[in-house]
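S.K.: Dropping in protein27.csv, with CSV, C-alpha atoms.
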chain,number,residue,atom,x,y,z
A,1257,MET,CA,26.1,-2.1,36.7
A,1258,ARG,CA,23.0,-4.3,36.6
A,1259,GLY,CA,23.7,-7.5,34.7
A,1260,LYS,CA,21.4,-9.0,32.0
A,1261,VAL,CA,18.1,-10.2,33.3
A,1262,THR,CA,18.0,-14.0,33.5
A,1263,LEU,CA,15.3,-16.5,32.5
A,1264,GLN,CA,15.0,-17.6,36.1
A,1265,GLU,CA,14.3,-14.1,37.3
A,1266,ILE,CA,11.5,-13.8,34.7
A,1267,ALA,CA,10.2,-17.2,35.8
A,1268,ASP,CA,10.2,-16.2,39.5
A,1269,ALA,CA,8.4,-12.9,38.7
A,1270,ALA,CA,5.7,-14.7,36.6
A,1271,GLY,CA,5.4,-17.7,38.9
A,1272,VAL,CA,6.1,-20.2,36.1
A,1273,SER,CA,8.9,-22.5,35.3
A,1274,LYS,CA,12.2,-21.5,33.6
A,1275,PHE,CA,11.3,-24.0,30.9
A,1276,ALA,CA,8.1,-22.1,30.1
A,1277,VAL,CA,9.9,-18.8,29.9
A,1278,SER,CA,12.6,-20.3,27.6
A,1279,ARG,CA,9.9,-21.7,25.2
A,1280,ALA,CA,8.0,-18.5,25.2
A,1281,LEU,CA,10.9,-16.2,24.4
A,1282,SER,CA,12.4,-18.5,21.9
A,1283,GLY,CA,9.2,-18.8,19.9
A,1284,LYS,CA,9.0,-22.6,20.4
A,1285,PRO,CA,5.9,-24.6,21.1
A,1286,GLY,CA,5.1,-25.7,24.6
A,1287,VAL,CA,3.2,-22.7,26.0
A,1288,SER,CA,-0.1,-21.2,25.0
A,1289,GLU,CA,-0.2,-18.0,23.0
A,1290,GLU,CA,-1.8,-16.2,26.0
A,1291,THR,CA,1.0,-17.2,28.3
A,1292,ARG,CA,3.6,-16.4,25.6
A,1293,THR,CA,2.2,-12.8,25.3
A,1294,VAL,CA,2.3,-12.3,29.0
A,1295,LEU,CA,5.8,-13.6,29.4
A,1296,VAL,CA,7.1,-11.5,26.5
A,1297,LYS,CA,5.6,-8.3,27.9
A,1298,LEU,CA,7.0,-9.1,31.4
A,1299,ALA,CA,10.5,-9.8,29.9
A,1300,ALA,CA,10.4,-6.5,28.1
A,1301,GLN,CA,9.4,-4.6,31.3
A,1302,MET,CA,12.2,-6.3,33.2
A,1303,GLY,CA,14.7,-5.3,30.5
A,1304,TYR,CA,15.5,-8.8,29.2
A,1305,PHE,CA,15.7,-7.6,25.6
A,1306,ARG,CA,18.1,-4.7,26.2
A,1307,ASN,CA,21.7,-5.1,25.2
A,1308,HIS,CA,24.3,-6.5,27.5
A,1309,PRO,CA,26.4,-3.9,29.4
A,1310,LYS,CA,28.5,-2.0,26.9
A,1311,VAL,CA,32.2,-2.7,26.6
A,1312,THR,CA,34.1,0.3,27.7
A,1313,GLY,CA,37.3,1.8,26.2
A,1314,LEU,CA,36.1,1.4,22.6
A,1315,GLU,CA,36.4,4.4,20.3
A,1316,PRO,CA,33.5,4.9,17.8
A,1317,ARG,CA,34.6,4.0,14.3
A,1318,ASP,CA,33.8,6.1,11.3
A,1319,THR,CA,31.6,4.6,8.6
A,1320,ASP,CA,32.9,6.8,5.8
A,1321,ALA,CA,36.3,5.3,6.1
A,1322,LYS,CA,35.0,1.9,5.2
A,1323,GLU,CA,34.2,0.4,1.8
A,1324,TRP,CA,30.8,-1.3,2.0
A,1325,SER,CA,29.4,-4.4,0.4
A,1326,GLY,CA,26.7,-7.0,1.1
A,1327,THR,CA,23.0,-6.9,1.4
A,1328,VAL,CA,20.5,-5.0,3.6
A,1329,LEU,CA,17.0,-6.4,4.1
A,1330,VAL,CA,14.2,-3.7,4.1
A,1331,LEU,CA,11.2,-5.1,5.9
A,1332,PHE,CA,7.7,-3.7,5.4
A,1333,PRO,CA,4.8,-4.5,7.7
A,1334,ASN,CA,1.9,-6.6,6.4
A,1335,ILE,CA,-0.4,-3.6,6.5
A,1336,ARG,CA,-2.3,-2.4,3.4
A,1337,HIS,CA,-1.4,1.3,3.6
A,1338,GLN,CA,2.2,0.9,4.7
A,1339,ASN,CA,3.9,-0.1,1.4
A,1340,ARG,CA,6.1,1.4,-1.4
A,1341,GLU,CA,3.0,2.8,-3.2
A,1342,SER,CA,2.2,5.0,-0.2
A,1343,ARG,CA,2.7,8.8,-0.6
A,1344,TYR,CA,4.5,8.7,2.8
A,1345,TRP,CA,6.3,5.3,2.8
A,1346,GLY,CA,7.2,5.4,-0.9
A,1347,PRO,CA,9.7,8.3,-0.5
A,1348,VAL,CA,11.1,6.7,2.7
A,1349,PHE,CA,11.8,3.6,0.6
A,1350,GLU,CA,13.4,5.7,-2.2
A,1351,GLY,CA,15.7,7.3,0.4
A,1352,ILE,CA,16.8,4.0,1.7
A,1353,SER,CA,17.3,2.6,-1.8
A,1354,GLU,CA,19.3,5.6,-3.0
A,1355,ARG,CA,21.6,5.7,0.0
A,1356,LEU,CA,22.4,2.0,-0.2
A,1357,LYS,CA,23.1,2.3,-3.9
A,1358,ARG,CA,25.5,5.2,-3.2
A,1359,LYS,CA,27.2,3.0,-0.6
A,1360,GLY,CA,27.6,0.1,-3.0
A,1361,MET,CA,25.3,-2.2,-1.1
A,1362,ASP,CA,22.5,-4.5,-2.4
A,1363,MET,CA,18.9,-4.4,-1.1
A,1364,VAL,CA,16.3,-7.1,-0.6
A,1365,THR,CA,12.7,-6.0,0.3
A,1366,LEU,CA,10.3,-8.3,2.1
A,1367,THR,CA,6.7,-7.8,3.3
A,1368,GLU,CA,6.3,-9.1,6.8
A,1369,PRO,CA,5.4,-12.8,6.4
A,1370,SER,CA,2.3,-14.3,8.0
A,1371,THR,CA,4.5,-17.0,9.6
A,1372,GLU,CA,6.9,-16.0,12.4
A,1373,ASP,CA,9.8,-18.0,11.0
A,1374,MET,CA,12.0,-15.7,8.9
A,1375,PHE,CA,14.7,-18.3,8.8
A,1376,SER,CA,12.8,-20.2,6.1
A,1377,LEU,CA,12.7,-17.1,3.9
A,1378,LEU,CA,16.3,-15.9,4.1
A,1379,ASN,CA,19.8,-16.8,5.1
A,1380,PRO,CA,20.7,-14.7,8.1
A,1381,GLU,CA,24.4,-15.0,7.4
A,1382,ALA,CA,23.9,-13.2,4.1
A,1383,ILE,CA,22.3,-10.1,5.6
A,1384,LYS,CA,24.4,-7.3,6.8
A,1385,GLY,CA,21.6,-5.5,8.5
A,1386,ILE,CA,17.8,-4.9,8.6
A,1387,ILE,CA,15.8,-1.7,8.2
A,1388,THR,CA,12.2,-2.0,9.3
A,1389,VAL,CA,9.7,0.5,7.7
A,1390,GLY,CA,6.6,1.3,9.8
A,1391,SER,CA,4.9,-0.9,12.4
A,1392,VAL,CA,6.3,-4.4,12.5
A,1393,SER,CA,4.8,-6.8,14.9
A,1394,THR,CA,6.4,-7.7,18.2
A,1395,PRO,CA,6.7,-11.5,17.3
A,1396,MET,CA,8.6,-10.6,14.1
A,1397,LEU,CA,10.9,-8.2,15.9
A,1398,LEU,CA,11.7,-11.0,18.4
A,1399,ASN,CA,12.5,-13.3,15.6
A,1400,ILE,CA,14.9,-10.6,14.3
A,1401,TYR,CA,16.4,-10.3,17.8
A,1402,ARG,CA,17.2,-14.0,17.8
A,1403,MET,CA,19.0,-13.7,14.5
A,1404,GLY,CA,21.5,-11.2,16.0
A,1405,ILE,CA,21.5,-8.9,13.0
A,1406,PRO,CA,21.9,-5.1,13.4
A,1407,VAL,CA,18.5,-3.4,13.0
A,1408,VAL,CA,17.3,0.2,12.5
A,1409,MET,CA,13.6,0.9,12.7
A,1410,VAL,CA,12.0,3.8,10.8
A,1411,ASP,CA,9.0,5.4,12.5
A,1412,HIS,CA,8.4,2.6,15.0
A,1413,TRP,CA,9.3,1.7,18.6
A,1414,ASP,CA,8.7,-1.4,20.6
A,1415,SER,CA,9.5,-1.9,24.3
A,1416,ALA,CA,10.2,-5.6,23.7
A,1417,PHE,CA,13.0,-4.8,21.1
A,1418,LEU,CA,15.3,-2.0,21.8
A,1419,SER,CA,17.2,-0.9,18.7
A,1420,ASP,CA,18.2,2.2,16.8
A,1421,THR,CA,15.3,4.2,15.5
A,1422,VAL,CA,14.8,7.2,13.2
A,1423,PHE,CA,11.8,9.4,13.6
A,1424,THR,CA,10.5,12.8,12.7
A,1425,ASP,CA,10.6,15.0,15.8
A,1426,ASN,CA,6.9,14.5,16.3
A,1427,ARG,CA,6.7,16.2,19.7
A,1428,THR,CA,8.5,19.4,18.8
A,1429,CYS,CA,6.8,19.8,15.4
A,1430,MET,CA,3.3,19.2,16.8
A,1431,SER,CA,4.1,21.6,19.7
A,1432,GLU,CA,5.0,24.3,17.1
A,1433,LEU,CA,1.8,23.7,15.2
A,1434,MET,CA,-0.3,24.0,18.3
A,1435,LYS,CA,1.6,27.2,19.5
A,1436,ASP,CA,0.9,28.8,16.1
A,1437,LEU,CA,-2.8,28.0,16.4
A,1438,LEU,CA,-2.9,29.3,20.0
A,1439,CYS,CA,-1.1,32.5,18.9
A,1440,ARG,CA,-3.9,33.1,16.3
A,1441,GLY,CA,-6.6,33.0,19.0
A,1442,TYR,CA,-8.0,29.5,18.6
A,1443,THR,CA,-8.9,27.8,21.9
A,1444,ARG,CA,-11.3,24.9,21.1
A,1445,PHE,CA,-9.6,21.8,19.7
A,1446,GLN,CA,-10.2,18.1,19.2
A,1447,PHE,CA,-7.5,15.6,18.3
A,1448,VAL,CA,-8.5,13.0,15.8
A,1449,GLY,CA,-6.4,9.9,15.1
A,1450,GLN,CA,-6.0,6.3,16.2
A,1451,ILE,CA,-3.1,6.7,18.6
A,1452,ASP,CA,-2.7,3.0,19.1
A,1453,ASP,CA,-1.9,2.5,15.4
A,1454,ALA,CA,1.5,4.1,15.4
A,1455,HIS,CA,4.0,5.4,17.9
A,1456,SER,CA,4.3,8.6,16.0
A,1457,PHE,CA,0.5,9.2,16.4
A,1458,TYR,CA,0.9,8.7,20.1
A,1459,GLU,CA,3.8,11.2,20.3
A,1460,ARG,CA,1.8,13.8,18.4
A,1461,TRP,CA,-1.2,13.3,20.7
A,1462,GLU,CA,1.1,13.8,23.7
A,1463,ALA,CA,2.5,17.0,22.3
A,1464,PHE,CA,-1.0,18.3,21.4
A,1465,ARG,CA,-2.2,17.7,25.0
A,1466,SER,CA,0.9,18.9,26.8
A,1467,THR,CA,1.1,22.1,24.7
A,1468,LEU,CA,-2.5,23.0,25.7
A,1469,GLU,CA,-1.9,22.2,29.3
A,1470,MET,CA,1.3,24.4,29.5
A,1471,SER,CA,-0.7,27.2,27.8
A,1472,GLY,CA,-3.5,27.0,30.3
A,1473,VAL,CA,-6.1,26.0,27.7
A,1474,GLN,CA,-8.7,23.6,29.0
A,1475,LEU,CA,-8.8,20.3,27.0
A,1476,GLN,CA,-12.2,18.7,26.6
A,1477,GLN,CA,-11.1,15.8,24.4
A,1478,ASN,CA,-13.6,13.3,23.1
A,1479,LYS,CA,-11.7,10.1,23.8
A,1480,ALA,CA,-13.6,8.2,21.1
A,1481,PHE,CA,-11.6,10.2,18.5
A,1482,LEU,CA,-8.3,8.8,20.0
A,1483,HIS,CA,-9.2,5.2,19.3
A,1484,GLY,CA,-11.9,5.2,16.7
A,1485,GLY,CA,-10.4,8.0,14.6
A,1486,VAL,CA,-12.5,9.3,11.7
A,1487,GLN,CA,-15.2,6.6,12.1
A,1488,ALA,CA,-15.8,7.8,15.7
A,1489,LEU,CA,-15.8,11.4,14.4
A,1490,GLU,CA,-18.7,10.6,12.0
A,1491,GLU,CA,-20.7,8.9,14.8
A,1492,GLU,CA,-20.1,11.6,17.4
A,1493,LEU,CA,-20.8,14.7,15.2
A,1494,ASP,CA,-24.5,13.9,15.2
A,1495,LYS,CA,-24.5,14.3,19.0
A,1496,LEU,CA,-23.0,17.8,18.9
A,1497,ASN,CA,-24.8,21.1,18.5
A,1498,GLU,CA,-23.3,24.1,16.8
A,1499,SER,CA,-21.8,25.6,19.9
A,1500,GLU,CA,-20.0,22.4,20.8
A,1501,LEU,CA,-18.0,22.1,17.6
A,1502,PRO,CA,-14.3,22.8,18.0
A,1503,GLU,CA,-12.6,25.6,16.0
A,1504,VAL,CA,-9.9,23.2,14.8
A,1505,PHE,CA,-9.8,19.4,14.4
A,1506,VAL,CA,-6.1,18.5,14.8
A,1507,CYS,CA,-5.5,15.2,13.0
A,1508,ALA,CA,-2.7,12.6,13.4
A,1509,ASN,CA,-1.7,12.9,9.8
A,1510,ASP,CA,-2.8,14.2,6.4
A,1511,VAL,CA,-4.6,11.0,5.5
A,1512,THR,CA,-6.8,11.3,8.7
A,1513,ALA,CA,-7.2,15.0,8.0
A,1514,ALA,CA,-8.5,14.4,4.4
A,1515,GLN,CA,-11.0,11.8,5.7
A,1516,ALA,CA,-12.1,14.2,8.5
A,1517,VAL,CA,-12.8,16.9,5.9
A,1518,ASP,CA,-14.9,14.5,3.9
A,1519,VAL,CA,-16.9,13.6,7.0
A,1520,LEU,CA,-17.4,17.2,8.0
A,1521,LYS,CA,-18.6,18.2,4.6
A,1522,ARG,CA,-21.1,15.3,4.4
A,1523,LYS,CA,-22.5,16.5,7.7
A,1524,GLY,CA,-23.1,19.9,6.2
A,1525,ILE,CA,-20.3,21.6,8.2
A,1526,ASP,CA,-18.4,24.4,6.2
A,1527,VAL,CA,-14.7,23.6,6.0
A,1528,PRO,CA,-12.7,25.7,6.5
A,1529,ARG,CA,-14.9,28.6,7.5
A,1530,ARG,CA,-16.7,26.9,10.4
A,1531,CYS,CA,-14.1,24.3,11.4
A,1532,GLY,CA,-10.4,24.2,10.4
A,1533,VAL,CA,-8.6,20.9,9.9
A,1534,THR,CA,-4.9,20.3,10.4
A,1535,GLY,CA,-2.7,17.3,9.4
A,1536,PHE,CA,0.8,16.1,9.6
A,1537,ASP,CA,3.3,14.6,7.0
A,1538,ASP,CA,2.3,16.8,4.1
A,1539,THR,CA,1.0,14.1,1.8
A,1540,ASN,CA,-2.3,15.8,0.6
A,1541,GLU,CA,-2.4,19.2,-1.1
A,1542,GLN,CA,-5.8,18.7,-2.7
A,1543,MET,CA,-7.9,19.0,0.5
A,1544,PRO,CA,-8.5,22.2,2.5
A,1545,ILE,CA,-6.0,21.2,5.2
A,1546,TYR,CA,-5.1,24.4,7.1
A,1547,ALA,CA,-1.8,23.4,8.6
A,1548,THR,CA,0.5,20.4,8.2
A,1549,VAL,CA,4.1,19.4,8.9
A,1550,ARG,CA,6.3,18.9,5.8
A,1551,VAL,CA,8.3,15.8,6.7
A,1552,ASP,CA,11.4,15.1,4.6
A,1553,LYS,CA,10.5,11.5,3.9
A,1554,GLU,CA,13.5,10.6,1.7
A,1555,LEU,CA,15.8,11.9,4.4
A,1556,LEU,CA,14.2,9.6,6.9
A,1557,GLY,CA,15.2,6.7,4.7
A,1558,MET,CA,18.7,8.0,4.1
A,1559,ARG,CA,19.4,8.6,7.7
A,1560,ALA,CA,18.2,5.1,8.6
A,1561,VAL,CA,20.9,3.7,6.3
A,1562,ASP,CA,23.5,5.9,7.8
A,1563,GLN,CA,22.5,4.7,11.3
A,1564,LEU,CA,22.5,1.1,10.2
A,1565,LEU,CA,26.1,1.4,8.9
A,1566,TRP,CA,27.1,3.1,12.2
A,1567,ARG,CA,25.5,0.2,14.1
A,1568,ILE,CA,27.3,-2.4,12.0
A,1569,THR,CA,30.6,-0.6,12.6
A,1570,ASN,CA,30.0,0.2,16.3
A,1571,PRO,CA,28.0,-2.7,17.7
A,1572,ASP,CA,28.7,-1.8,21.3
A,1573,SER,CA,27.6,1.8,21.1
A,1574,PRO,CA,24.4,2.6,23.0
A,1575,VAL,CA,21.1,2.4,21.2
A,1576,GLU,CA,20.2,5.8,19.6
A,1577,LYS,CA,17.0,7.5,18.6
A,1578,LYS,CA,17.5,9.9,15.7
A,1579,LEU,CA,15.0,12.8,15.4
A,1580,LEU,CA,14.6,14.9,12.3
A,1581,HIS,CA,13.0,18.3,12.5
A,1582,ALA,CA,10.4,19.2,9.9
A,1583,GLU,CA,8.8,22.3,8.5
A,1584,LEU,CA,5.5,23.7,9.7
A,1585,VAL,CA,3.3,24.9,6.8
A,1586,ILE,CA,0.3,27.2,7.4
A,1587,ARG,CA,-2.1,27.6,4.5
A,1588,GLU,CA,-3.9,30.9,5.2
A,1589,ARG,CA,-6.6,30.4,2.5
A,1590,TYR,CA,-7.9,27.4,4.6
A,1591,ALA,CA,-8.0,29.2,7.9
A,1592,PRO,CA,-11.1,29.1,10.1
A,1593,ARG,CA,-13.1,32.3,10.2
A,1594,ASN,CA,-11.4,34.1,13.1
A,1595,SER,CA,-8.0,34.0,11.5
A,1596,ARG,CA,-8.9,35.1,7.9
A,1597,GLY,CA,-7.6,38.2,6.3
A,1598,LYS,CA,-3.9,37.3,6.2
A,1599,ASP,CA,-2.0,38.4,3.1
A,1600,ASP,CA,0.2,35.4,2.3
A,1601,PRO,CA,-1.7,32.5,0.7
A,1602,GLU,CA,0.8,30.0,2.2
A,1603,ARG,CA,3.8,30.4,4.5
A,1604,SER,CA,6.4,28.1,6.0
A,1605,ILE,CA,7.5,28.4,9.6
A,1606,SER,CA,10.6,26.7,10.8
A,1607,SER,CA,10.4,27.9,14.4
A,1608,ILE,CA,8.1,30.0,16.5
A,1609,ARG,CA,8.8,31.9,19.7
A,1610,TYR,CA,6.2,31.3,22.3
A,1611,SER,CA,5.9,32.0,26.0
Show the structure stored in the file as C-alpha cells.

M.R.:
Amino acid sequence: MRGKVTLQEIADAAGVSKFAVSRALSGKPGVSEETRTVLVKLAAQMGYFRNHPKVTGLEPRDTDAKEWSGTVLVLFPNIRHQNRESRYWGPVFEGISERLKRKGMDMVTLTEPSTEDMFSLLNPEAIKGIITVGSVSTPMLLNIYRMGIPVVMVDHWDSAFLSDTVFTDNRTCMSELMKDLLCRGYTRFQFVGQIDDAHSFYERWEAFRSTLEMSGVQLQQNKAFLHGGVQALEEELDKLNESELPEVFVCANDVTAAQAVDVLKRKGIDVPRRCGVTGFDDTNEQMPIYATVRVDKELLGMRAVDQLLWRITNPDSPVEKKLLHAELVIRERYAPRNSRGKDDPERSISSIRYS
C-alpha cells in the first residue's frame, strides 16, 4: 500500500525546497500567498491530506453503547446567506442542536473568523469534534486538519481536506427531476446557477447534463448561466428572441429559481405559461416554481451528528460520504403550457421508472 506522501516528494514535484513546502502547509510565514496556494493544491492532488493507511483488524465500535459528554463545535462560513436565519441552513442547525442535546453533549457555534488562527479562539483539547455547515474556506479546513479533531462536513467537499461528509443525494434527485420533465415532453432547457459557489450546485449541474445526454436530448447550454447565475440570465435574455427561449429554466436551488422568476417577469415573459422554472431544496412556496426537491434539512443535521460520533469512536474507519435521498415535488398548477391539464394540483414523486 502506498505510504503517506512526504514533504520532500511535494517539494521535488514543485521544484522548491522542503522548507518552503513545510511553511506553506503549516500556515507559517516565509512563503508568498501565491506560492502557498500552489503548494496546497499540489499537496492535495498528490494525496498529502489523506489519512494514513488504516490499521487492519479493528472492529467498528457502536456509538449507541457509549454515554456521551463534551462539546462539539459547529462552524458556519463567513457568508451572508449561510447562517442560522436561512430557510435552508436554519433547519440543518436545528437538527444538529437537537441530536447533540439528545446525546447529552454541549454545542458551541462559531462563524468562520477572518483570521486563519483558530487556536486563539478556542481550546482544541476541549472540543470533541467539529461539524462544518456549508462552504468553509480551504485555509480554515487546513487549520482544522492541523488540530487533529474529528470533522464532519455538511453539504461541502474539499479535495485538500478529506473528511466525512453528509449530502443530499443531489445527482439522483436532479436526475429524477429531469426524467420527469422529459417524460412530460419538454426538450429545451437551460440550467441556471453559479456552480462554483457550492459542491451541491456542481453535482446538480452534472446530473442535469448527464441525464439529457443519456436521453439523447441535445444540450445547448448558455455557459454564462453557470457562472453568472441570475445576473447573467438578466443580461442574456435581451439577446434571445421568442423561439430561442427554453421551455424550462432548471435552477440550482429555490433561491435561484425565485430570482429567475422575478427576472423573467420583469422582462415581460409569462411564468409559468411561457417558461417553467424549477428549483431544489423546497425553501420557497410563494413563487410559481414548477418542480423542486424537498430536502429533509433537519435530518441532514442529525445524520451529521451521528457520523461525527461514529468517527470519534472509529477513528481508523475509512472516510465516508453519506447521501440522503429527497422527495421530488411537482406542482402541476405551475406547469408550462404543453403540460397543463393535469388533475392533481400538486403531487409528490419518490421514484420514477425511466428508460

S.K.: Report as a list in words all protein, DNA and RNA residues lying within 12 Å of Glu1354 of chain A, evaluated on only C-alpha atoms, omitting residues in the same chain fewer than 6 positions from it.

M.R.: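 Here the qualifying residues turn out to be Pro1347, Val1348, Gly1360, Met1361, Asp1362, Met1363, Glu1554, Leu1555, Leu1556, Gly1557, Met1558, Arg1559, Ala1560, Val1561 and Asp1562 of chain A.
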
S.K.: At most 10 Å from (11.4, -2.5, 22.7), file frame, only C-alpha atoms: which residues, as number ranges by chain?

M.R.: A: 1297, 1300-1301, 1303-1306, 1394, 1397-1398, 1412-1419

S.K.: Restricting the calculation to all atoms listed in the file, which member of A:Asp1552, A:Glu1462, A:Asp1268, A:Asp1518 is positioned closest to Val1533 of chain A?

M.R.: A:Asp1518

S.K.: Which is closest to Asn1379 of chain A among A:Val1364, A:Lys1553, A:Lys1284, A:Trp1345, if we use all atoms listed in the file?

M.R.: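 Ranked by minimum distance to Asn1379 of chain A, first place goes to A:Val1364.
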
S.K.: Around (21.2, -2.6, 11.9), as given in the file, which residues come within 9 Å? Count only C-alpha atoms and list them as a list in words.

M.R.: Val1328, Lys1384, Gly1385, Ile1386, Ile1387, Ile1405, Pro1406, Val1407, Val1408, Met1409, Ser1419, Asp1420, Ala1560, Val1561, Gln1563, Leu1564, Leu1565, Trp1566, Arg1567, Ile1568 and Pro1571 of chain A

S.K.: I'd like the interatomic distance between atom CA of Gly1535 of chain A and atom CA of Glu1588 of chain A, to a tenth of an Å.

M.R.: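 So the two atoms, atom CA of Gly1535 of chain A and atom CA of Glu1588 of chain A, lie 14.3 Å apart.
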
S.K.: Quote the spacing between atom CA of Asn1497 of chain A and atom CA of Glu1469 of chain A in Å to one decimal place.

M.R.: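 Rounded to one decimal, the two atoms are 25.3 Å apart.
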
S.K.: So, counting all atoms listed in the file, which residue among A:Gln1446, A:Asn1509, A:Ser1471, A:Gln1476 is closest to Glu1459 of chain A?

M.R.: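 The shortest atom-to-atom distance to Glu1459 of chain A comes from A:Asn1509.
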
S.K.: For a quick check of understanding, using all atoms listed in the file, which of A:His1581, A:Arg1292, A:Lys1359, A:Arg1593 has the smallest distance to Arg1530 of chain A?

M.R.: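 The answer is A:Arg1593, which sits nearest to Arg1530 of chain A.
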
S.K.: Pick from A:Leu1489, A:Leu1366, A:Met1396, A:Cys1439: nearest to Arg1522 of chain A, with all atoms listed in the file counted?

M.R.: A:Leu1489

S.K.: Write out as a PyMOL selection string each polymer residue whose atoms come within 8 Å of Arg1444 of chain A, counting all atoms listed in the file; drop sequence neighbours fewer than 3 positions from it.

M.R.: chain A and resi 1475+1502-1504
